[in-house]
file data34.txt (compact mmCIF, N, CA and C atoms)
# COMPACT_ATOMS: atom_id res chain seq x y z
N MET A 28 95.66 105.87 74.29
CA MET A 28 95.74 105.24 75.60
C MET A 28 96.61 106.09 76.52
N VAL A 29 96.11 106.44 77.66
CA VAL A 29 96.87 107.20 78.64
C VAL A 29 97.49 106.22 79.62
N LEU A 30 98.80 106.32 79.78
CA LEU A 30 99.51 105.40 80.65
C LEU A 30 99.49 105.88 82.09
N ASP A 31 99.23 104.98 83.01
CA ASP A 31 99.21 105.28 84.43
C ASP A 31 100.57 104.89 85.01
N TYR A 32 101.54 105.80 84.88
CA TYR A 32 102.91 105.51 85.29
C TYR A 32 103.01 105.21 86.79
N LYS A 33 102.26 105.91 87.62
CA LYS A 33 102.29 105.68 89.07
C LYS A 33 101.85 104.26 89.39
N LYS A 34 100.77 103.81 88.78
CA LYS A 34 100.26 102.45 89.01
C LYS A 34 101.34 101.42 88.69
N TYR A 35 101.97 101.55 87.55
CA TYR A 35 102.96 100.56 87.14
C TYR A 35 104.27 100.70 87.92
N ALA A 36 104.62 101.89 88.34
CA ALA A 36 105.80 102.06 89.20
C ALA A 36 105.57 101.35 90.52
N ASP A 37 104.36 101.47 91.07
CA ASP A 37 104.04 100.79 92.33
C ASP A 37 104.11 99.27 92.16
N ILE A 38 103.62 98.76 91.04
CA ILE A 38 103.68 97.32 90.77
C ILE A 38 105.13 96.87 90.66
N MET A 39 105.94 97.66 89.99
CA MET A 39 107.34 97.28 89.82
C MET A 39 108.09 97.28 91.14
N LYS A 40 107.70 98.14 92.08
CA LYS A 40 108.29 98.11 93.41
C LYS A 40 108.00 96.77 94.08
N VAL A 41 106.79 96.28 93.89
CA VAL A 41 106.41 94.98 94.44
C VAL A 41 107.31 93.89 93.87
N LEU A 42 107.66 94.01 92.61
CA LEU A 42 108.45 92.99 91.92
C LEU A 42 109.94 93.03 92.23
N THR A 43 110.39 94.00 93.01
CA THR A 43 111.82 94.10 93.31
C THR A 43 112.27 93.15 94.42
N GLU A 44 111.34 92.44 95.03
CA GLU A 44 111.68 91.52 96.12
C GLU A 44 111.78 90.11 95.55
N PRO A 45 112.93 89.44 95.70
CA PRO A 45 113.14 88.12 95.10
C PRO A 45 112.10 87.06 95.51
N ASN A 46 111.70 87.03 96.77
CA ASN A 46 110.71 86.03 97.18
C ASN A 46 109.38 86.23 96.47
N ARG A 47 109.00 87.50 96.26
CA ARG A 47 107.73 87.75 95.56
C ARG A 47 107.84 87.33 94.10
N LEU A 48 108.99 87.54 93.50
CA LEU A 48 109.18 87.07 92.12
C LEU A 48 109.09 85.54 92.05
N MET A 49 109.69 84.87 93.03
CA MET A 49 109.62 83.40 93.05
C MET A 49 108.18 82.93 93.24
N ILE A 50 107.43 83.62 94.09
CA ILE A 50 106.02 83.26 94.30
C ILE A 50 105.25 83.42 92.99
N LEU A 51 105.44 84.53 92.30
CA LEU A 51 104.75 84.73 91.03
C LEU A 51 105.14 83.66 90.01
N ASP A 52 106.41 83.30 90.00
CA ASP A 52 106.87 82.25 89.10
C ASP A 52 106.17 80.92 89.42
N MET A 53 106.09 80.59 90.70
CA MET A 53 105.40 79.35 91.09
C MET A 53 103.92 79.39 90.69
N LEU A 54 103.29 80.54 90.88
CA LEU A 54 101.87 80.66 90.57
C LEU A 54 101.60 80.67 89.06
N SER A 55 102.63 80.90 88.28
CA SER A 55 102.45 80.88 86.83
C SER A 55 102.08 79.48 86.33
N PHE A 56 102.31 78.46 87.17
CA PHE A 56 101.94 77.09 86.82
C PHE A 56 100.55 76.73 87.31
N GLY A 57 99.93 77.62 88.08
CA GLY A 57 98.57 77.38 88.56
C GLY A 57 98.43 77.71 90.03
N GLU A 58 97.21 77.58 90.50
CA GLU A 58 96.87 77.90 91.88
C GLU A 58 97.63 77.02 92.87
N LEU A 59 98.07 77.64 93.97
CA LEU A 59 98.79 76.90 95.01
C LEU A 59 98.26 77.27 96.39
N CYS A 60 98.30 76.29 97.27
CA CYS A 60 98.00 76.50 98.68
C CYS A 60 99.21 77.19 99.32
N ALA A 61 98.94 78.03 100.31
CA ALA A 61 100.03 78.70 101.01
C ALA A 61 101.03 77.70 101.57
N CYS A 62 100.54 76.56 102.02
CA CYS A 62 101.44 75.55 102.59
C CYS A 62 102.44 75.05 101.53
N ASP A 63 102.01 74.94 100.29
CA ASP A 63 102.93 74.51 99.22
C ASP A 63 103.98 75.58 98.93
N ILE A 64 103.57 76.83 98.97
CA ILE A 64 104.51 77.93 98.75
C ILE A 64 105.53 77.96 99.87
N LEU A 65 105.05 77.81 101.10
CA LEU A 65 105.95 77.79 102.26
C LEU A 65 107.00 76.70 102.13
N GLU A 66 106.57 75.52 101.73
CA GLU A 66 107.47 74.37 101.61
C GLU A 66 108.57 74.63 100.60
N LYS A 67 108.22 75.27 99.49
CA LYS A 67 109.20 75.48 98.43
C LYS A 67 110.13 76.66 98.70
N LEU A 68 109.66 77.67 99.42
CA LEU A 68 110.48 78.86 99.65
C LEU A 68 111.30 78.80 100.92
N HIS A 69 110.92 77.94 101.84
CA HIS A 69 111.63 77.84 103.11
C HIS A 69 111.66 79.18 103.85
N ILE A 70 110.49 79.81 103.95
CA ILE A 70 110.33 81.04 104.71
C ILE A 70 109.28 80.79 105.79
N THR A 71 109.17 81.70 106.73
CA THR A 71 108.19 81.51 107.80
C THR A 71 106.80 81.89 107.32
N GLN A 72 105.80 81.42 108.03
CA GLN A 72 104.42 81.73 107.68
C GLN A 72 104.14 83.23 107.76
N PRO A 73 104.61 83.94 108.80
CA PRO A 73 104.38 85.39 108.82
C PRO A 73 105.03 86.12 107.64
N THR A 74 106.20 85.66 107.23
CA THR A 74 106.87 86.27 106.08
C THR A 74 106.07 86.03 104.81
N LEU A 75 105.57 84.81 104.64
CA LEU A 75 104.74 84.53 103.47
C LEU A 75 103.47 85.37 103.51
N SER A 76 102.84 85.49 104.65
CA SER A 76 101.62 86.31 104.76
C SER A 76 101.90 87.75 104.35
N HIS A 77 103.05 88.27 104.77
CA HIS A 77 103.44 89.63 104.39
C HIS A 77 103.57 89.77 102.87
N HIS A 78 104.28 88.84 102.25
CA HIS A 78 104.47 88.89 100.80
C HIS A 78 103.15 88.74 100.06
N MET A 79 102.30 87.82 100.55
CA MET A 79 101.02 87.60 99.86
C MET A 79 100.10 88.80 100.00
N LYS A 80 100.15 89.46 101.14
CA LYS A 80 99.35 90.67 101.33
C LYS A 80 99.75 91.72 100.30
N ILE A 81 101.04 91.90 100.12
CA ILE A 81 101.54 92.89 99.16
C ILE A 81 101.16 92.49 97.74
N LEU A 82 101.31 91.22 97.40
CA LEU A 82 100.95 90.77 96.05
C LEU A 82 99.46 90.91 95.79
N CYS A 83 98.64 90.64 96.79
CA CYS A 83 97.19 90.79 96.62
C CYS A 83 96.80 92.26 96.53
N GLU A 84 97.41 93.11 97.36
CA GLU A 84 97.11 94.55 97.32
C GLU A 84 97.50 95.16 95.98
N SER A 85 98.54 94.64 95.36
CA SER A 85 98.97 95.14 94.05
C SER A 85 98.11 94.56 92.93
N ASN A 86 97.21 93.65 93.30
CA ASN A 86 96.29 93.01 92.36
C ASN A 86 96.99 92.04 91.41
N LEU A 87 98.24 91.67 91.72
CA LEU A 87 98.93 90.68 90.89
C LEU A 87 98.44 89.27 91.18
N THR A 88 97.97 89.05 92.41
CA THR A 88 97.45 87.73 92.77
C THR A 88 96.06 87.85 93.36
N LEU A 89 95.35 86.75 93.30
CA LEU A 89 94.03 86.63 93.90
C LEU A 89 94.09 85.52 94.93
N SER A 90 93.26 85.63 95.96
CA SER A 90 93.28 84.61 97.00
C SER A 90 91.87 84.14 97.32
N LYS A 91 91.81 82.93 97.87
CA LYS A 91 90.54 82.41 98.38
C LYS A 91 90.85 81.52 99.56
N LYS A 92 89.93 81.49 100.50
CA LYS A 92 90.05 80.64 101.68
C LYS A 92 89.16 79.43 101.48
N VAL A 93 89.70 78.26 101.76
CA VAL A 93 88.95 77.01 101.77
C VAL A 93 89.26 76.37 103.11
N GLY A 94 88.30 76.45 104.02
CA GLY A 94 88.56 75.97 105.37
C GLY A 94 89.64 76.82 106.00
N LYS A 95 90.67 76.17 106.49
CA LYS A 95 91.79 76.89 107.12
C LYS A 95 92.88 77.26 106.11
N ASN A 96 92.77 76.77 104.91
CA ASN A 96 93.82 76.97 103.91
C ASN A 96 93.53 78.17 103.02
N SER A 97 94.60 78.88 102.65
CA SER A 97 94.53 79.97 101.69
C SER A 97 95.15 79.50 100.38
N TYR A 98 94.47 79.79 99.29
CA TYR A 98 94.94 79.44 97.96
C TYR A 98 95.16 80.71 97.17
N TYR A 99 96.23 80.72 96.38
CA TYR A 99 96.60 81.90 95.61
C TYR A 99 96.77 81.53 94.15
N ARG A 100 96.46 82.52 93.31
CA ARG A 100 96.66 82.36 91.87
C ARG A 100 96.96 83.74 91.28
N LEU A 101 97.54 83.73 90.10
CA LEU A 101 97.81 84.99 89.42
C LEU A 101 96.49 85.63 89.00
N ASN A 102 96.47 86.94 88.96
CA ASN A 102 95.33 87.67 88.43
C ASN A 102 95.62 87.93 86.95
N PRO A 103 95.00 87.18 86.05
CA PRO A 103 95.35 87.30 84.63
C PRO A 103 95.12 88.70 84.06
N ASP A 104 94.12 89.41 84.55
CA ASP A 104 93.87 90.77 84.03
C ASP A 104 95.01 91.72 84.37
N GLN A 105 95.50 91.65 85.60
CA GLN A 105 96.59 92.55 86.00
C GLN A 105 97.90 92.15 85.32
N ILE A 106 98.14 90.85 85.18
CA ILE A 106 99.35 90.38 84.51
C ILE A 106 99.34 90.84 83.05
N GLU A 107 98.21 90.70 82.39
CA GLU A 107 98.10 91.13 80.98
C GLU A 107 98.28 92.64 80.87
N SER A 108 97.72 93.39 81.80
CA SER A 108 97.87 94.84 81.79
C SER A 108 99.34 95.24 81.94
N LEU A 109 100.05 94.57 82.84
CA LEU A 109 101.47 94.86 83.03
C LEU A 109 102.26 94.51 81.78
N GLN A 110 101.95 93.37 81.18
CA GLN A 110 102.64 92.98 79.95
C GLN A 110 102.41 94.01 78.85
N GLN A 111 101.18 94.46 78.69
CA GLN A 111 100.88 95.46 77.66
C GLN A 111 101.60 96.78 77.93
N PHE A 112 101.66 97.17 79.20
CA PHE A 112 102.37 98.40 79.57
C PHE A 112 103.85 98.30 79.18
N LEU A 113 104.49 97.18 79.55
CA LEU A 113 105.91 97.01 79.24
C LEU A 113 106.14 96.95 77.74
N GLU A 114 105.29 96.26 77.02
CA GLU A 114 105.43 96.22 75.56
C GLU A 114 105.27 97.62 74.97
N ASN A 115 104.34 98.37 75.50
CA ASN A 115 104.09 99.72 75.00
C ASN A 115 105.28 100.64 75.21
N ILE A 116 105.88 100.61 76.39
CA ILE A 116 106.98 101.55 76.63
C ILE A 116 108.29 101.14 75.96
N PHE A 117 108.40 99.88 75.56
CA PHE A 117 109.63 99.43 74.91
C PHE A 117 109.50 99.32 73.39
N HIS A 118 108.43 99.85 72.84
CA HIS A 118 108.26 99.88 71.40
C HIS A 118 108.08 101.33 70.94
N GLU A 119 108.40 101.57 69.72
CA GLU A 119 108.33 102.93 69.17
C GLU A 119 106.91 103.47 69.14
N THR A 120 105.92 102.63 69.29
CA THR A 120 104.54 103.08 69.25
C THR A 120 104.03 103.54 70.61
N SER A 121 104.94 103.77 71.53
CA SER A 121 104.59 104.18 72.88
C SER A 121 103.75 105.45 72.89
N ASP A 122 102.83 105.52 73.82
CA ASP A 122 101.99 106.70 74.01
C ASP A 122 102.62 107.65 75.01
N CYS A 123 103.91 107.74 75.01
CA CYS A 123 104.65 108.57 75.98
C CYS A 123 104.15 110.01 75.95
N ILE A 124 104.01 110.59 77.12
CA ILE A 124 103.58 111.98 77.21
C ILE A 124 104.70 112.94 76.81
N CYS A 125 105.89 112.38 76.58
CA CYS A 125 107.07 113.21 76.26
C CYS A 125 107.12 113.65 74.80
N LYS A 126 106.28 113.09 73.96
CA LYS A 126 106.33 113.39 72.52
C LYS A 126 105.90 114.80 72.23

call {"tool": "encode", "arguments": {"input": "data34.txt", "output": "structure tokens"}}
result
Amino acid sequence: MVLDYKKYADIMKVLTEPNRLMILDMLSFGELCACDILEKLHITQPTLSHHMKILCESNLTLSKKVGKNSYYRLNPDQIESLQQFLENIFHETSDCICK
């Protein structure tokens, strides 16, 4: 397995912002409407839109529009990929190019 270090470094940059981590934590319980996220985080709508754009571009979250509302959920494929990457680099069986 060849590791894509740039891809995961970019994802980790996304995760360095506390509000985005809180959003991911909230979404770990299931899909949420943007209005519910706004209520819990006490941030403005433009700020939430900015964070959600970054999370969607990183492929950590998926979105759908229903009428005027936007709904967000975790992207299980990307989350699993990130988990596997982290497990791989923190175990002796790593496919590190440094060997």

call {"tool": "residues_around", "arguments": {"input": "data34.txt", "residues": "Asp104 (chain A)", "least_positions_apart": "4", "cutoff": "8 Å", "atoms": "only N, CA and C atoms", "output": "list in words"}}
result
Asn86, Leu87, Ser108, Leu109 and Gln110 of chain A

call {"tool": "residues_around", "arguments": {"input": "data34.txt", "residues": "region 67-81 of chain A", "least_positions_apart": "3", "cutoff": "12 Å", "atoms": "only C-alpha atoms", "output": "ChimeraX atom specification"}}
result
/A:37-54,59-64,84-91,97-101

call {"tool": "write_last_selection", "arguments": {"input": "data34.txt", "atoms": "N, CA and C atoms", "output": "mmCIF file, in the frame of the given file"}}
result
data_model
loop_
_atom_site.group_PDB
_atom_site.id
_atom_site.type_symbol
_atom_site.label_atom_id
_atom_site.label_comp_id
_atom_site.auth_asym_id
_atom_site.auth_seq_id
_atom_site.Cartn_x
_atom_site.Cartn_y
_atom_site.Cartn_z
ATOM 1 N N ASP A 37 104.360 101.470 91.070
ATOM 2 C CA ASP A 37 104.040 100.790 92.330
ATOM 3 C C ASP A 37 104.110 99.270 92.160
ATOM 4 N N ILE A 38 103.620 98.760 91.040
ATOM 5 C CA ILE A 38 103.680 97.320 90.770
ATOM 6 C C ILE A 38 105.130 96.870 90.660
ATOM 7 N N MET A 39 105.940 97.660 89.990
ATOM 8 C CA MET A 39 107.340 97.280 89.820
ATOM 9 C C MET A 39 108.090 97.280 91.140
ATOM 10 N N LYS A 40 107.700 98.140 92.080
ATOM 11 C CA LYS A 40 108.290 98.110 93.410
ATOM 12 C C LYS A 40 108.000 96.770 94.080
ATOM 13 N N VAL A 41 106.790 96.280 93.890
ATOM 14 C CA VAL A 41 106.410 94.980 94.440
ATOM 15 C C VAL A 41 107.310 93.890 93.870
ATOM 16 N N LEU A 42 107.660 94.010 92.610
ATOM 17 C CA LEU A 42 108.450 92.990 91.920
ATOM 18 C C LEU A 42 109.940 93.030 92.230
ATOM 19 N N THR A 43 110.390 94.000 93.010
ATOM 20 C CA THR A 43 111.820 94.100 93.310
ATOM 21 C C THR A 43 112.270 93.150 94.420
ATOM 22 N N GLU A 44 111.340 92.440 95.030
ATOM 23 C CA GLU A 44 111.680 91.520 96.120
ATOM 24 C C GLU A 44 111.780 90.110 95.550
ATOM 25 N N PRO A 45 112.930 89.440 95.700
ATOM 26 C CA PRO A 45 113.140 88.120 95.100
ATOM 27 C C PRO A 45 112.100 87.060 95.510
ATOM 28 N N ASN A 46 111.700 87.030 96.770
ATOM 29 C CA ASN A 46 110.710 86.030 97.180
ATOM 30 C C ASN A 46 109.380 86.230 96.470
ATOM 31 N N ARG A 47 109.000 87.500 96.260
ATOM 32 C CA ARG A 47 107.730 87.750 95.560
ATOM 33 C C ARG A 47 107.840 87.330 94.100
ATOM 34 N N LEU A 48 108.990 87.540 93.500
ATOM 35 C CA LEU A 48 109.180 87.070 92.120
ATOM 36 C C LEU A 48 109.090 85.540 92.050
ATOM 37 N N MET A 49 109.690 84.870 93.030
ATOM 38 C CA MET A 49 109.620 83.400 93.050
ATOM 39 C C MET A 49 108.180 82.930 93.240
ATOM 40 N N ILE A 50 107.430 83.620 94.090
ATOM 41 C CA ILE A 50 106.020 83.260 94.300
ATOM 42 C C ILE A 50 105.250 83.420 92.990
ATOM 43 N N LEU A 51 105.440 84.530 92.300
ATOM 44 C CA LEU A 51 104.750 84.730 91.030
ATOM 45 C C LEU A 51 105.140 83.660 90.010
ATOM 46 N N ASP A 52 106.410 83.300 90.000
ATOM 47 C CA ASP A 52 106.870 82.250 89.100
ATOM 48 C C ASP A 52 106.170 80.920 89.420
ATOM 49 N N MET A 53 106.090 80.590 90.700
ATOM 50 C CA MET A 53 105.400 79.350 91.090
ATOM 51 C C MET A 53 103.920 79.390 90.690
ATOM 52 N N LEU A 54 103.290 80.540 90.880
ATOM 53 C CA LEU A 54 101.870 80.660 90.570
ATOM 54 C C LEU A 54 101.600 80.670 89.060
ATOM 55 N N LEU A 59 98.070 77.640 93.970
ATOM 56 C CA LEU A 59 98.790 76.900 95.010
ATOM 57 C C LEU A 59 98.260 77.270 96.390
ATOM 58 N N CYS A 60 98.300 76.290 97.270
ATOM 59 C CA CYS A 60 98.000 76.500 98.680
ATOM 60 C C CYS A 60 99.210 77.190 99.320
ATOM 61 N N ALA A 61 98.940 78.030 100.310
ATOM 62 C CA ALA A 61 100.030 78.700 101.010
ATOM 63 C C ALA A 61 101.030 77.700 101.570
ATOM 64 N N CYS A 62 100.540 76.560 102.020
ATOM 65 C CA CYS A 62 101.440 75.550 102.590
ATOM 66 C C CYS A 62 102.440 75.050 101.530
ATOM 67 N N ASP A 63 102.010 74.940 100.290
ATOM 68 C CA ASP A 63 102.930 74.510 99.220
ATOM 69 C C ASP A 63 103.980 75.580 98.930
ATOM 70 N N ILE A 64 103.570 76.830 98.970
ATOM 71 C CA ILE A 64 104.510 77.930 98.750
ATOM 72 C C ILE A 64 105.530 77.960 99.870
ATOM 73 N N GLU A 84 97.410 93.110 97.360
ATOM 74 C CA GLU A 84 97.110 94.550 97.320
ATOM 75 C C GLU A 84 97.500 95.160 95.980
ATOM 76 N N SER A 85 98.540 94.640 95.360
ATOM 77 C CA SER A 85 98.970 95.140 94.050
ATOM 78 C C SER A 85 98.110 94.560 92.930
ATOM 79 N N ASN A 86 97.210 93.650 93.300
ATOM 80 C CA ASN A 86 96.290 93.010 92.360
ATOM 81 C C ASN A 86 96.990 92.040 91.410
ATOM 82 N N LEU A 87 98.240 91.670 91.720
ATOM 83 C CA LEU A 87 98.930 90.680 90.890
ATOM 84 C C LEU A 87 98.440 89.270 91.180
ATOM 85 N N THR A 88 97.970 89.050 92.410
ATOM 86 C CA THR A 88 97.450 87.730 92.770
ATOM 87 C C THR A 88 96.060 87.850 93.360
ATOM 88 N N LEU A 89 95.350 86.750 93.300
ATOM 89 C CA LEU A 89 94.030 86.630 93.900
ATOM 90 C C LEU A 89 94.090 85.520 94.930
ATOM 91 N N SER A 90 93.260 85.630 95.960
ATOM 92 C CA SER A 90 93.280 84.610 97.000
ATOM 93 C C SER A 90 91.870 84.140 97.320
ATOM 94 N N LYS A 91 91.810 82.930 97.870
ATOM 95 C CA LYS A 91 90.540 82.410 98.380
ATOM 96 C C LYS A 91 90.850 81.520 99.560
ATOM 97 N N SER A 97 94.600 78.880 102.650
ATOM 98 C CA SER A 97 94.530 79.970 101.690
ATOM 99 C C SER A 97 95.150 79.500 100.380
ATOM 100 N N TYR A 98 94.470 79.790 99.290
ATOM 101 C CA TYR A 98 94.940 79.440 97.960
ATOM 102 C C TYR A 98 95.160 80.710 97.170
ATOM 103 N N TYR A 99 96.230 80.720 96.380
ATOM 104 C CA TYR A 99 96.600 81.900 95.610
ATOM 105 C C TYR A 99 96.770 81.530 94.150
ATOM 106 N N ARG A 100 96.460 82.520 93.310
ATOM 107 C CA ARG A 100 96.660 82.360 91.870
ATOM 108 C C ARG A 100 96.960 83.740 91.280
ATOM 109 N N LEU A 101 97.540 83.730 90.100
ATOM 110 C CA LEU A 101 97.810 84.990 89.420
ATOM 111 C C LEU A 101 96.490 85.630 89.000
#

call {"tool": "select_by_dssp", "arguments": {"input": "data34.txt", "residues": "chain A", "states": "helix (DSSP H, G or I)", "output": "NGL selection string"}}
result
:A and (32-41 or 45-54 or 61-68 or 72-84 or 103-116)

call {"tool": "axis_aligned_box", "arguments": {"input": "data34.txt", "around": "region 106-113 of chain A", "padding_each_side": "3 Å", "output": "JSON"}}
result
{"center_x": 101.9, "center_y": 94.4, "center_z": 81.4, "size_x": 14.4, "size_y": 14.0, "size_z": 13.5}

call {"tool": "select_by_dssp", "arguments": {"input": "data34.txt", "residues": "chain A", "states": "strand (DSSP E or B)", "output": "VMD selection string"}}
result
chain A and resid 59 to 60 88 to 93 96 to 101

call {"tool": "atom_distance", "arguments": {"input": "data34.txt", "atom1": "CA of Glu58 (chain A)", "atom2": "CA of Asn102 (chain A)"}}
result
10.5 Å

call {"tool": "residues_near_point", "arguments": {"input": "data34.txt", "point": "(103.2, 102.1, 79.9)", "cutoff": "6.5 Å", "atoms": "only N, CA and C atoms", "output": "list in words"}}
result
Leu30, Asp31, Tyr32, Gln111, Phe112, Leu113, Asn115 and Ile116 of chain A

call {"tool": "atom_distance", "arguments": {"input": "data34.txt", "atom1": "atom C of Pro103 (chain A)", "atom2": "CA of His118 (chain A)"}}
result
21.4 Å

call {"tool": "decode", "arguments": {"input": "data34.txt", "residues": "region 42-93 of chain A", "atoms": "C-alpha atoms", "output": "PDB file, in the first residue's frame"}}
result
ATOM      1  CA  LEU A  42      -8.959  19.004  11.680  1.00  0.00           C
ATOM      2  CA  THR A  43      -6.857  21.663  13.431  1.00  0.00           C
ATOM      3  CA  GLU A  44      -9.839  24.010  13.796  1.00  0.00           C
ATOM      4  CA  PRO A  45     -11.851  23.377  17.008  1.00  0.00           C
ATOM      5  CA  ASN A  46     -15.252  24.210  15.495  1.00  0.00           C
ATOM      6  CA  ARG A  47     -14.696  21.707  12.688  1.00  0.00           C
ATOM      7  CA  LEU A  48     -13.767  19.039  15.225  1.00  0.00           C
ATOM      8  CA  MET A  49     -16.950  19.805  17.173  1.00  0.00           C
ATOM      9  CA  ILE A  50     -18.997  19.564  13.967  1.00  0.00           C
ATOM     10  CA  LEU A  51     -17.475  16.171  13.158  1.00  0.00           C
ATOM     11  CA  ASP A  52     -18.164  15.026  16.702  1.00  0.00           C
ATOM     12  CA  MET A  53     -21.815  16.088  16.400  1.00  0.00           C
ATOM     13  CA  LEU A  54     -22.136  14.347  13.029  1.00  0.00           C
ATOM     14  CA  SER A  55     -20.740  11.140  14.497  1.00  0.00           C
ATOM     15  CA  PHE A  56     -24.214  10.661  16.015  1.00  0.00           C
ATOM     16  CA  GLY A  57     -25.913  11.001  12.630  1.00  0.00           C
ATOM     17  CA  GLU A  58     -27.068  13.450  10.004  1.00  0.00           C
ATOM     18  CA  LEU A  59     -27.863  16.987  11.136  1.00  0.00           C
ATOM     19  CA  CYS A  60     -29.488  20.034   9.620  1.00  0.00           C
ATOM     20  CA  ALA A  61     -27.284  23.123   9.451  1.00  0.00           C
ATOM     21  CA  CYS A  62     -29.759  24.883  11.731  1.00  0.00           C
ATOM     22  CA  ASP A  63     -29.136  22.274  14.458  1.00  0.00           C
ATOM     23  CA  ILE A  64     -25.374  22.694  14.142  1.00  0.00           C
ATOM     24  CA  LEU A  65     -25.739  26.465  14.333  1.00  0.00           C
ATOM     25  CA  GLU A  66     -27.828  26.208  17.492  1.00  0.00           C
ATOM     26  CA  LYS A  67     -25.295  24.016  19.266  1.00  0.00           C
ATOM     27  CA  LEU A  68     -22.137  25.873  18.225  1.00  0.00           C
ATOM     28  CA  HIS A  69     -23.373  29.436  18.653  1.00  0.00           C
ATOM     29  CA  ILE A  70     -21.614  30.639  15.496  1.00  0.00           C
ATOM     30  CA  THR A  71     -22.948  32.703  12.616  1.00  0.00           C
ATOM     31  CA  GLN A  72     -24.421  31.164   9.489  1.00  0.00           C
ATOM     32  CA  PRO A  73     -21.587  32.464   7.258  1.00  0.00           C
ATOM     33  CA  THR A  74     -19.019  30.958   9.631  1.00  0.00           C
ATOM     34  CA  LEU A  75     -20.809  27.616   9.569  1.00  0.00           C
ATOM     35  CA  SER A  76     -21.001  27.741   5.765  1.00  0.00           C
ATOM     36  CA  HIS A  77     -17.245  28.335   5.647  1.00  0.00           C
ATOM     37  CA  HIS A  78     -16.508  25.370   7.924  1.00  0.00           C
ATOM     38  CA  MET A  79     -18.919  23.089   6.071  1.00  0.00           C
ATOM     39  CA  LYS A  80     -17.405  24.024   2.723  1.00  0.00           C
ATOM     40  CA  ILE A  81     -13.968  23.030   4.004  1.00  0.00           C
ATOM     41  CA  LEU A  82     -15.270  19.782   5.526  1.00  0.00           C
ATOM     42  CA  CYS A  83     -17.077  18.870   2.306  1.00  0.00           C
ATOM     43  CA  GLU A  84     -14.061  19.753   0.125  1.00  0.00           C
ATOM     44  CA  SER A  85     -11.895  17.500   2.291  1.00  0.00           C
ATOM     45  CA  ASN A  86     -14.486  14.768   1.708  1.00  0.00           C
ATOM     46  CA  LEU A  87     -14.931  14.250   5.465  1.00  0.00           C
ATOM     47  CA  THR A  88     -18.605  15.205   5.211  1.00  0.00           C
ATOM     48  CA  LEU A  89     -21.364  14.848   2.669  1.00  0.00           C
ATOM     49  CA  SER A  90     -24.223  17.278   2.178  1.00  0.00           C
ATOM     50  CA  LYS A  91     -27.673  17.334   0.674  1.00  0.00           C
ATOM     51  CA  LYS A  92     -30.254  20.058   0.207  1.00  0.00           C
ATOM     52  CA  VAL A  93     -33.879  19.457   1.127  1.00  0.00           C
TER      53      VAL A  93
END
